Structure formats: structure tokens, C-alpha cells
file work_9.txt (compact mmCIF, C-alpha atoms and all ligand atoms)
# COMPACT_ATOMS: atom_id res chain seq x y z
CA MET A 1 -0.62 22.30 -13.30
CA SER A 2 1.36 25.54 -13.41
CA SER A 3 5.05 25.63 -12.53
CA GLU A 4 4.99 29.42 -12.13
CA VAL A 5 6.87 30.42 -8.96
CA VAL A 6 4.31 32.70 -7.28
CA ASP A 7 2.83 32.58 -3.76
CA THR A 8 -0.64 31.91 -5.19
CA ASN A 9 0.32 28.71 -7.06
CA PRO A 10 -0.38 25.63 -4.85
CA TYR A 11 1.79 23.45 -7.09
CA SER A 12 4.92 25.61 -7.46
CA ARG A 13 6.92 23.66 -4.83
CA LEU A 14 5.83 20.33 -6.31
CA MET A 15 6.68 21.35 -9.86
CA ALA A 16 10.11 22.38 -8.55
CA LEU A 17 10.82 18.62 -8.21
CA GLN A 18 10.89 18.61 -12.00
CA ARG A 19 13.19 21.64 -12.24
CA MET A 20 15.57 20.01 -9.79
CA GLY A 21 15.70 16.82 -11.81
CA ILE A 22 14.08 14.53 -9.22
CA VAL A 23 10.92 13.80 -11.20
CA ASP A 24 10.77 13.78 -15.03
CA ASN A 25 7.14 14.71 -15.33
CA TYR A 26 5.39 15.70 -12.09
CA GLN A 27 2.20 16.72 -13.91
CA ARG A 28 1.46 13.07 -14.60
CA ILE A 29 0.13 12.90 -11.04
CA ARG A 30 -3.04 14.61 -12.34
CA ASP A 31 -3.79 11.51 -14.46
CA TYR A 32 -3.53 9.01 -11.60
CA SER A 33 -6.31 7.39 -9.59
CA ILE A 34 -5.59 5.90 -6.16
CA ALA A 35 -7.99 3.84 -4.03
CA ILE A 36 -7.47 4.03 -0.26
CA VAL A 37 -9.10 1.24 1.74
CA GLY A 38 -9.49 2.17 5.41
CA ILE A 39 -9.66 5.88 6.29
CA GLY A 40 -8.26 5.58 9.82
CA GLY A 41 -5.04 6.83 11.39
CA VAL A 42 -2.92 5.89 8.35
CA GLY A 43 -5.44 6.11 5.49
CA SER A 44 -6.77 9.58 6.31
CA VAL A 45 -3.27 11.06 6.53
CA ALA A 46 -2.24 9.30 3.30
CA ALA A 47 -5.35 10.77 1.63
CA GLU A 48 -4.45 14.28 2.80
CA MET A 49 -0.86 13.94 1.54
CA LEU A 50 -2.01 12.75 -1.89
CA THR A 51 -4.61 15.52 -2.06
CA ARG A 52 -1.97 18.16 -1.32
CA CYS A 53 0.28 16.55 -3.96
CA GLY A 54 -2.47 17.10 -6.54
CA ILE A 55 -3.41 13.48 -7.26
CA GLY A 56 -6.03 13.20 -10.02
CA ARG A 57 -8.63 11.08 -8.24
CA LEU A 58 -9.03 9.42 -4.84
CA LEU A 59 -11.47 6.62 -4.03
CA LEU A 60 -12.05 6.33 -0.28
CA TYR A 61 -13.45 3.20 1.44
CA ASP A 62 -14.48 2.78 5.08
CA TYR A 63 -17.61 1.68 6.94
CA ASP A 64 -16.85 3.43 10.22
CA THR A 65 -17.87 6.80 11.66
CA VAL A 66 -15.62 9.41 13.28
CA GLU A 67 -15.41 9.07 17.09
CA LEU A 68 -13.84 11.17 19.84
CA ALA A 69 -11.53 8.20 20.47
CA ASN A 70 -9.91 8.97 17.08
CA MET A 71 -8.73 12.43 18.16
CA ASN A 72 -5.30 11.22 19.31
CA ARG A 73 -4.53 10.76 15.60
CA LEU A 74 -4.18 13.30 12.82
CA PHE A 75 -6.75 14.54 10.29
CA PHE A 76 -10.27 14.21 11.79
CA ARG A 77 -11.68 17.00 13.96
CA PRO A 78 -14.07 16.84 16.96
CA GLU A 79 -16.91 18.55 15.06
CA GLN A 80 -16.87 15.65 12.57
CA VAL A 81 -17.84 13.09 15.23
CA GLY A 82 -20.79 11.03 13.95
CA LEU A 83 -20.07 11.59 10.25
CA THR A 84 -18.88 8.60 8.24
CA LYS A 85 -15.11 8.68 7.87
CA THR A 86 -15.32 8.77 4.09
CA ASP A 87 -17.81 11.68 4.04
CA ALA A 88 -15.84 13.62 6.65
CA ALA A 89 -12.67 13.01 4.63
CA VAL A 90 -14.27 14.23 1.39
CA GLN A 91 -15.43 17.37 3.22
CA THR A 92 -11.91 18.21 4.46
CA LEU A 93 -10.03 17.14 1.34
CA SER A 94 -12.24 19.04 -1.12
CA ASP A 95 -11.61 22.20 0.94
CA ILE A 96 -7.84 21.61 0.83
CA ASN A 97 -7.66 20.94 -2.92
CA PRO A 98 -10.79 21.24 -5.08
CA ASP A 99 -8.83 19.95 -8.12
CA VAL A 100 -8.90 16.36 -6.79
CA VAL A 101 -11.82 14.15 -7.85
CA LEU A 102 -13.04 12.47 -4.64
CA GLU A 103 -15.28 9.43 -4.33
CA SER A 104 -16.71 8.32 -0.99
CA TYR A 105 -17.62 4.63 -0.50
CA THR A 106 -19.16 3.96 2.90
CA LEU A 107 -19.07 0.17 2.87
CA ASN A 108 -17.50 -2.88 4.46
CA ILE A 109 -15.39 -4.72 1.85
CA THR A 110 -15.55 -7.96 3.89
CA THR A 111 -19.31 -8.33 3.20
CA VAL A 112 -20.49 -9.91 -0.07
CA LYS A 113 -22.31 -6.72 -1.14
CA GLY A 114 -19.41 -4.50 -0.08
CA PHE A 115 -16.92 -6.64 -2.00
CA GLU A 116 -19.04 -6.44 -5.18
CA THR A 117 -19.22 -2.64 -5.00
CA PHE A 118 -15.50 -2.50 -4.19
CA MET A 119 -14.62 -4.56 -7.29
CA GLU A 120 -16.99 -2.57 -9.52
CA SER A 121 -15.59 0.77 -8.37
CA LEU A 122 -12.00 -0.36 -8.98
CA THR A 123 -12.77 -1.28 -12.60
CA LYS A 124 -14.85 1.79 -13.47
CA LYS A 125 -12.98 3.49 -16.31
CA ASP A 126 -14.57 6.92 -16.40
CA PHE A 127 -11.46 8.79 -15.26
CA GLY A 128 -8.64 8.97 -17.79
CA LEU A 129 -6.96 5.70 -18.63
CA SER A 130 -4.76 4.07 -16.04
CA ASP A 131 -1.47 2.48 -17.09
CA ASN A 132 -2.72 -1.02 -16.33
CA GLY A 133 -5.99 -0.59 -18.21
CA SER A 134 -8.07 -0.97 -15.03
CA GLY A 135 -9.87 1.89 -13.34
CA VAL A 136 -7.22 2.77 -10.77
CA ASP A 137 -3.43 2.93 -10.84
CA LEU A 138 -2.80 1.85 -7.27
CA VAL A 139 -4.70 0.53 -4.25
CA LEU A 140 -3.43 1.49 -0.80
CA SER A 141 -4.55 -0.81 2.00
CA CYS A 142 -4.73 1.06 5.31
CA VAL A 143 -7.02 -1.35 7.14
CA ASP A 144 -6.42 -2.56 10.68
CA ASN A 145 -7.32 -6.24 10.49
CA TYR A 146 -6.27 -9.49 8.86
CA GLU A 147 -9.61 -10.33 7.22
CA ALA A 148 -9.86 -7.01 5.38
CA ARG A 149 -6.25 -7.41 4.11
CA MET A 150 -7.09 -10.87 2.78
CA VAL A 151 -10.09 -9.37 0.96
CA VAL A 152 -7.98 -6.57 -0.59
CA ASN A 153 -5.46 -9.27 -1.56
CA GLN A 154 -8.18 -11.35 -3.22
CA ALA A 155 -9.57 -8.35 -5.14
CA CYS A 156 -6.14 -7.22 -6.35
CA ASN A 157 -5.08 -10.74 -7.38
CA GLU A 158 -8.32 -11.13 -9.37
CA LEU A 159 -7.97 -7.72 -11.06
CA ASN A 160 -4.19 -8.06 -11.51
CA GLN A 161 -4.03 -4.78 -9.60
CA ILE A 162 -0.81 -3.48 -8.04
CA TRP A 163 -1.32 -2.44 -4.42
CA MET A 164 0.52 -1.40 -1.30
CA GLU A 165 -0.19 -2.72 2.15
CA SER A 166 0.48 -0.84 5.38
CA GLY A 167 0.18 -1.71 9.02
CA VAL A 168 0.87 -0.43 12.51
CA SER A 169 1.28 -2.83 15.42
CA GLU A 170 -1.27 -2.87 18.24
CA ASP A 171 1.33 -1.54 20.70
CA ALA A 172 1.79 1.52 18.41
CA VAL A 173 5.59 1.33 18.23
CA SER A 174 6.19 -0.47 14.94
CA GLY A 175 4.79 -0.66 11.45
CA HIS A 176 5.50 -1.60 7.87
CA ILE A 177 4.62 -0.97 4.24
CA GLN A 178 4.74 -3.53 1.43
CA LEU A 179 4.47 -3.35 -2.37
CA LEU A 180 2.43 -6.17 -3.91
CA ILE A 181 2.62 -6.79 -7.66
CA PRO A 182 0.49 -9.85 -8.55
CA GLY A 183 2.72 -12.66 -9.84
CA GLU A 184 5.94 -10.71 -9.33
CA THR A 185 6.14 -10.14 -5.58
CA ALA A 186 4.62 -12.10 -2.71
CA CYS A 187 0.88 -11.64 -2.30
CA PHE A 188 -0.56 -11.25 1.20
CA ALA A 189 -1.33 -14.99 1.36
CA CYS A 190 2.11 -16.02 -0.06
CA ALA A 191 4.38 -15.15 2.81
CA PRO A 192 3.81 -14.78 6.51
CA PRO A 193 3.24 -11.04 6.89
CA LEU A 194 5.84 -9.51 9.12
CA VAL A 195 5.98 -6.66 11.49
CA VAL A 196 8.95 -5.39 13.38
CA ALA A 197 9.33 -6.55 16.96
CA SER A 198 5.87 -8.03 17.33
CA GLY A 199 4.95 -11.66 17.71
CA VAL A 200 1.22 -11.25 18.10
CA ASP A 201 -1.35 -12.92 15.86
CA GLU A 202 -3.30 -10.04 14.38
CA ARG A 203 -6.50 -12.06 14.25
CA THR A 204 -6.67 -11.93 18.03
CA LEU A 205 -6.52 -8.15 18.14
CA LYS A 206 -10.04 -7.14 17.28
CA ARG A 207 -11.68 -8.84 20.27
CA GLU A 208 -14.42 -7.11 22.16
CA GLY A 209 -13.05 -5.03 25.02
CA VAL A 210 -9.45 -5.20 23.79
CA CYS A 211 -8.19 -1.67 23.14
CA ALA A 212 -5.21 -1.35 20.82
CA ALA A 213 -2.81 1.54 21.44
CA SER A 214 -2.15 4.14 18.76
CA LEU A 215 0.20 7.10 18.36
CA PRO A 216 -0.22 9.93 15.85
CA THR A 217 3.57 9.81 15.34
CA THR A 218 3.81 6.16 14.27
CA MET A 219 0.66 6.44 12.14
CA GLY A 220 1.94 9.63 10.50
CA ILE A 221 5.35 8.06 9.81
CA VAL A 222 3.82 4.93 8.27
CA ALA A 223 1.44 7.09 6.18
CA GLY A 224 4.45 9.14 5.04
CA LEU A 225 6.43 6.03 4.09
CA LEU A 226 3.42 4.63 2.26
CA VAL A 227 2.70 7.76 0.21
CA GLN A 228 6.42 8.30 -0.48
CA ASN A 229 6.57 4.78 -1.89
CA ALA A 230 3.40 5.40 -3.93
CA LEU A 231 4.83 8.65 -5.39
CA LYS A 232 8.15 6.98 -6.23
CA PHE A 233 6.33 4.08 -7.87
CA LEU A 234 3.88 6.18 -9.90
CA LEU A 235 6.16 9.10 -10.83
CA ASN A 236 9.10 6.80 -11.43
CA PHE A 237 11.84 8.29 -9.26
CA GLY A 238 14.20 6.64 -6.78
CA GLN A 239 13.57 3.06 -5.76
CA ALA A 240 10.19 1.90 -4.50
CA SER A 241 10.56 -0.48 -1.52
CA LYS A 242 9.09 -3.97 -1.72
CA TYR A 243 8.99 -4.15 2.07
CA LEU A 244 9.97 -1.47 4.54
CA GLY A 245 9.60 -1.97 8.28
CA TYR A 246 9.72 0.59 11.07
CA ASN A 247 10.67 -0.08 14.67
CA ALA A 248 10.09 3.08 16.70
CA LEU A 249 11.91 1.87 19.81
CA LYS A 250 15.19 1.34 17.97
CA ASP A 251 14.61 3.63 14.96
CA TYR A 252 15.28 0.62 12.80
CA PHE A 253 14.03 0.43 9.17
CA PRO A 254 14.61 -3.03 7.69
CA THR A 255 13.98 -3.59 3.97
CA MET A 256 13.68 -6.80 1.98
CA ASP A 257 12.26 -8.30 -1.20
CA LEU A 258 9.43 -10.80 -0.88
CA ARG A 259 9.16 -13.26 -3.76
CA PRO A 260 5.90 -15.08 -4.48
CA ASN A 261 5.37 -18.49 -2.94
CA PRO A 262 4.91 -21.22 -5.62
CA GLN A 263 2.74 -23.04 -3.06
CA CYS A 264 0.58 -20.04 -2.22
CA SER A 265 -2.88 -20.94 -0.92
CA ASN A 266 -4.48 -18.32 -3.21
CA SER A 267 -5.23 -19.95 -6.59
CA VAL A 268 -5.45 -16.60 -8.45
CA CYS A 269 -1.96 -15.75 -7.14
CA LEU A 270 -0.65 -18.97 -8.72
CA GLU A 271 -2.24 -17.95 -12.06
CA ARG A 272 -0.54 -14.54 -11.84
CA GLN A 273 2.80 -16.19 -11.05
CA LYS A 274 2.50 -18.36 -14.20
CA GLU A 275 1.64 -15.29 -16.32
CA TYR A 276 4.63 -13.43 -14.92
CA ILE A 277 7.04 -16.25 -15.81
CA LYS A 278 5.54 -16.50 -19.31
CA MET A 279 6.16 -12.79 -19.94
CA LYS A 280 9.89 -12.99 -19.09
CA PRO A 281 11.17 -12.78 -22.72
CA VAL A 282 9.11 -9.60 -23.27
CA ARG A 283 10.51 -8.05 -20.08
CA ASP A 284 14.07 -8.95 -21.08
CA VAL A 285 13.70 -7.19 -24.45
CA ALA A 286 12.21 -4.09 -22.78
CA ALA A 287 14.96 -4.02 -20.13
CA LYS A 288 17.66 -4.28 -22.81
CA ALA A 289 16.13 -1.47 -24.85
CA LYS A 290 15.91 0.70 -21.73
CA MET A 291 19.55 0.05 -20.85
CA GLU A 292 20.69 0.92 -24.34
CA ALA A 293 18.64 4.13 -24.34
CA GLU A 294 20.10 5.15 -20.97
CA ALA A 295 23.62 4.37 -22.15
CA SER A 296 23.27 6.56 -25.25
CA ASN A 297 21.70 9.33 -23.14
CA SER A 298 24.61 9.40 -20.71
CA GLU A 299 27.06 9.57 -23.60
CA GLU A 300 25.25 12.57 -25.05
CA ALA A 301 25.11 14.60 -21.86
CA SER A 302 27.58 14.02 -19.08
CA LEU A 303 25.55 15.57 -16.27
CA HIS A 304 27.06 16.59 -12.92
CA ALA A 305 30.60 16.09 -14.19
CA ASP A 306 31.91 18.45 -11.56
CA ASN A 307 30.83 17.76 -8.00
CA GLU A 308 30.63 21.29 -6.66
CA TRP A 309 29.63 20.33 -3.11
CA SER A 310 31.69 17.11 -2.88
CA ILE A 311 28.57 15.09 -2.17
CA SER A 312 29.07 11.34 -2.28
CA VAL A 313 26.36 8.74 -2.51
CA ILE A 314 26.59 5.50 -0.55
CA ASP A 315 25.67 2.40 -2.49
CA ASP A 316 22.95 0.82 -0.38
CA CYS A 317 22.18 -2.11 -2.69
CA ASN A 318 23.69 -4.57 -0.24
CA LEU A 319 21.45 -3.46 2.60
CA ASP A 320 18.49 -5.29 1.10
CA ASN A 321 17.56 -8.78 2.08
CA THR A 322 15.69 -11.08 -0.22
CA ILE A 323 13.52 -13.83 1.13
CA THR A 324 10.76 -15.93 -0.33
CA GLY A 325 7.63 -17.17 1.34
CA ARG A 326 9.36 -20.53 1.88
CA ASP A 327 12.78 -19.67 3.22
CA SER A 328 11.62 -16.91 5.50
CA GLU A 329 12.56 -18.90 8.60
CA SER A 330 15.65 -16.72 8.86
CA LEU A 331 14.39 -13.16 9.11
CA PRO A 332 16.57 -10.06 9.23
CA GLU A 333 17.52 -8.95 12.72
CA GLY A 334 14.67 -7.27 14.56
CA LEU A 335 11.89 -8.90 12.56
CA ALA A 336 9.40 -11.24 14.08
CA ARG A 337 6.35 -12.94 12.70
CA GLU A 338 3.14 -11.07 13.25
CA LEU A 339 0.81 -13.52 11.60
CA PRO A 340 0.78 -17.26 11.05
CA ASP A 341 2.17 -18.72 7.83
CA ALA A 342 -0.49 -18.70 5.11
CA ASP A 343 -0.10 -22.48 4.92
CA ASP A 344 -0.98 -22.84 8.60
CA LEU A 345 -4.45 -21.71 7.62
CA GLN A 346 -4.73 -24.60 5.19
CA ARG A 347 -3.85 -27.35 7.61
CA PRO A 348 -6.65 -29.54 8.95
CA GLN A 349 -8.71 -27.84 11.60
CA THR A 350 -7.48 -28.59 15.06
CA THR A 351 -9.78 -26.30 16.99
CA GLU A 352 -13.22 -24.88 16.41
CA ASP A 353 -11.98 -21.42 15.54
CA THR A 354 -9.25 -22.41 13.09
CA VAL A 355 -10.19 -21.58 9.52
CA ALA A 356 -8.82 -22.69 6.17
CA PHE A 357 -8.70 -20.09 3.39
CA THR A 358 -9.15 -21.67 0.00
CA GLY A 359 -9.05 -18.47 -2.01
CA ASP A 360 -12.64 -18.91 -3.15
CA LEU A 361 -14.59 -15.80 -2.25
CA GLU A 362 -17.76 -17.59 -1.20
CA ASP A 363 -15.82 -19.82 1.14
CA LEU A 364 -13.82 -16.84 2.31
CA GLN A 365 -17.03 -15.05 3.18
CA LYS A 366 -18.33 -18.05 5.12
CA GLN A 367 -15.06 -18.23 6.98
CA LEU A 368 -15.13 -14.52 7.74
CA ASP A 369 -18.69 -14.85 9.06
CA ALA A 370 -17.57 -17.78 11.22
CA LEU A 371 -14.65 -15.71 12.54
CA ASN A 372 -16.88 -12.75 13.31
CA ALA A 373 -19.34 -15.00 15.12
CA ALA A 374 -16.60 -16.63 17.21
ZN ZN B 401 0.28 -15.56 -3.15
call {"tool": "encode", "arguments": {"input": "work_9.txt", "output": "C-alpha cells"}}
result
Amino acid sequence: MSSEVVDTNPYSRLMALQRMGIVDNYQRIRDYSIAIVGIGGVGSVAAEMLTRCGIGRLLLYDYDTVELANMNRLFFRPEQVGLTKTDAAVQTLSDINPDVVLESYTLNITTVKGFETFMESLTKKDFGLSDNGSGVDLVLSCVDNYEARMVVNQACNELNQIWMESGVSEDAVSGHIQLLIPGETACFACAPPLVVASGVDERTLKREGVCAASLPTTMGIVAGLLVQNALKFLLNFGQASKYLGYNALKDYFPTMDLRPNPQCSNSVCLERQKEYIKMKPVRDVAAKAKMEAEASNSEEASLHADNEWSISVIDDCNLDNTITGRDSESLPEGLARELPDADDLQRPQTTEDTVAFTGDLEDLQKQLDALNAA
């Protein structure tokens, strides 16, 4: 990746991030693999952004084909109608940046076969070596339904895979992104997922004949927030958000931390939580060493001693809210529950269409089939 400042270098403006001191080593992006699940209004735009940023490898998952009804969103073009979304995406993205290794997976991760292929592809280690020792560095969930998110959650908990979730409400005027680190932050089953200013149960959205609204603006904004968070997380600059909401009607962006729920219904999540607690002494030593290194660095070179432009930075640490899966009754202003509490799904069945997730994939599949049949 050249940092030469010439009009013919596609990476010159990205490498400038390094010159300006924002990113220590931008070139590292060439070593990273990202899986994007769901190549719709958010996923396709996220894929294009990462491709233009020079990501090393992208794995794309979707079972759908491009339709004219998708043209209100960005990325896909009318002449691609009928192609699978993953194949159409590979076509466009390889034209934009042939340096990116692209893999197209036309499959439904909520089927048994699809889930197997999904898991296999995430652990394939033929591209470099990811930081976590698995096949990919990050999974981005850009799916539009509850069941698929639960499946991504299950896969990532089992693989101890860090992932980011994204969502846009069915009325197209709010959305969110969320960082999920197994054992460290809430998993998707830990805490009731939230979306700004929406009180609708997502599981009711995909009914036959019900047409959800969508705006290219909201989808583009959420894709931008998602990829920004992914870049910050992978290239280690700024502060990656654990949860960031977006309310378009009020231009309100709430943030909060979501801690794991010790009573999570997902058994693998509980295992990951135990592992995380066990590793605390190791983390403490590493954190101390890092602090000491930073302290000696700042003594050596007192950067930006003179503030030429009188720029001041506001400390925004206090803007964050921290809640756990259990004490989330009191949500920050403007937040409403989108989905039922994970525990609600475990309570005894009261109606025919209520399901109980046990975390076991076979059961999960049966329950998904039952939901789809309902
Ligand atoms: Zn959990």
C-alpha cells in the first residue's frame, strides 16, 4: 500500500491518516478479513466502504436476489436485478478495488446446511492470520430479522468471535450499531436489544404482505457508523462504541455500555463470561504495562505542546451510560425496547407461537422452522 501522494494512487488519502497521526499503521487493513452477513441496504454499503478502504478480504453472505424494490437504497443497480446479491456485490466491488479478496456465499444461515457452511467459512485460515487465531477478524451482522441475528450470535459465541450488530427500524427513521465481544459485553441473547424510538417486536415484522419502509439516508448513515466503528476497532484509533443508537427524527445519538447477563439464556455465552473473568489477572498486567509504556512515551516526546489553533477537546466520558441486561429497566432518554427480553423467550409457552430458545442449535433450528411455518 503506497503512501505516495499522486493522483494515480488509490490509497494516498487513506495513508494520509497515518501522516496526520490518526492511525499508527493504516497498512494493517490489508491483513484483515471481515465477514458481512446480509448484503442489503446496510451490508452492501458497508462492503463498498470497506472495499474502498482497502480491506484485505471480504466474505459476503446472503440468500436473496437483487430486485427493483431495492433501488431506493444505495449500491445495487437496475441491470443487476435477478442476480444473487452476493454475486452482484462481488461484480461491483472487484471493479472498484481489485486488491480486495472477495468471497461470495449465497446461502441462508438460518438453515442447518447454511449454518454449517457459515461456520466452516469463518474458521478457514487460508488468508493471513487473524489476531484471534480464527479465520476472520470481525463479523458484521447486517441482517433484517431477529432469527438471523440469533444465529449470528450463536455462531460468534461458539467461535469466540468478536462481531458487530446493526439494525434499522421498520419505519426507517432510527437504527443502531452494537459491538459484541463474547464474555466481555452483552451477547444478543443477554440483553433486550434496543432501538431508538421504536416499541415494535421485530419478530412480527417479516409477515407476508407487510412492507417495511426504508430510506437510503438512514441505511447509509447506519452503514457509515458501523464501518467507522469497525475501522476504529481494527486499526486501533479513537474509541469504538459498545452501543450507538440513531434517531433520525431528533438527530439523537445515544451511547451506552452493555454488560453480559449472568443469567443469559445462551449457555455458550455463560462459558465465555466465565473465561473472561478467569483472564482478569492477565488483562490487569497487560493494562499496567501499556500504561507504563504510554507514560514513558509522553515523557520522551511532549507532542502538541503549543496549541496553534486554540482547539479544545470536550471530555465526553460522562455522556456514556452503562447498563446490564438485568438493570436495563431504566433506559436512557429516547430509547425504547424493540424486542422482548431474552428471558421472556424462556418462560413457559403461553400461546402456540411463543418459542423458547435454549441455545442448542438443533432446538434453535426446530424453533426457527416452527416460526417460519406460523
Ligand atoms: Zn449472552
call {"tool": "residues_near_ligand", "arguments": {"input": "work_9.txt", "ligand": "ligand ZN 401 (chain B)", "cutoff": "9 Å", "atoms": "all atoms listed in the file", "output": "list in words"}}
result
Asn153, Asn157, Pro182, Gly183, Thr185, Ala186, Cys187, Phe188, Ala189, Cys190, Ala191, Pro260, Asn261, Pro262, Gln263, Cys264, Ser265, Asn266, Ser267, Val268, Cys269, Leu270, Arg272, Gln273, Gly325 and Ala342 of chain A
call {"tool": "atom_distance", "arguments": {"input": "work_9.txt", "atom1": "atom CA of A:Tyr32", "atom2": "atom CA of A:Lys280"}}
result
26.8 Å
call {"tool": "closest_residue", "arguments": {"input": "work_9.txt", "among": "A:Asp126, A:Asp64, A:Asp95, A:Asp137", "to": "A:Leu107", "atoms": "all atoms listed in the file"}}
result
A:Asp64
call {"tool": "residues_around", "arguments": {"input": "work_9.txt", "residues": "stretch 226-243 of chain A", "least_positions_apart": "5", "cutoff": "9 Å", "atoms": "only C-alpha atoms", "output": "count of residues only"}}
result
31
call {"tool": "residues_around", "arguments": {"input": "work_9.txt", "residues": "A:Asp144", "least_positions_apart": "3", "cutoff": "8 Å", "atoms": "only C-alpha atoms", "output": "PyMOL selection string"}}
result
chain A and resi 38+148+167-168
call {"tool": "closest_residue", "arguments": {"input": "work_9.txt", "among": "A:Arg149, A:Lys124, A:Lys113, A:Arg19", "to": "A:Leu59", "atoms": "all atoms listed in the file"}}
result
A:Lys124
call {"tool": "residues_around", "arguments": {"input": "work_9.txt", "residues": "A:Arg77", "least_positions_apart": "4", "cutoff": "10 Å", "atoms": "all atoms listed in the file", "output": "count of residues only"}}
result
9
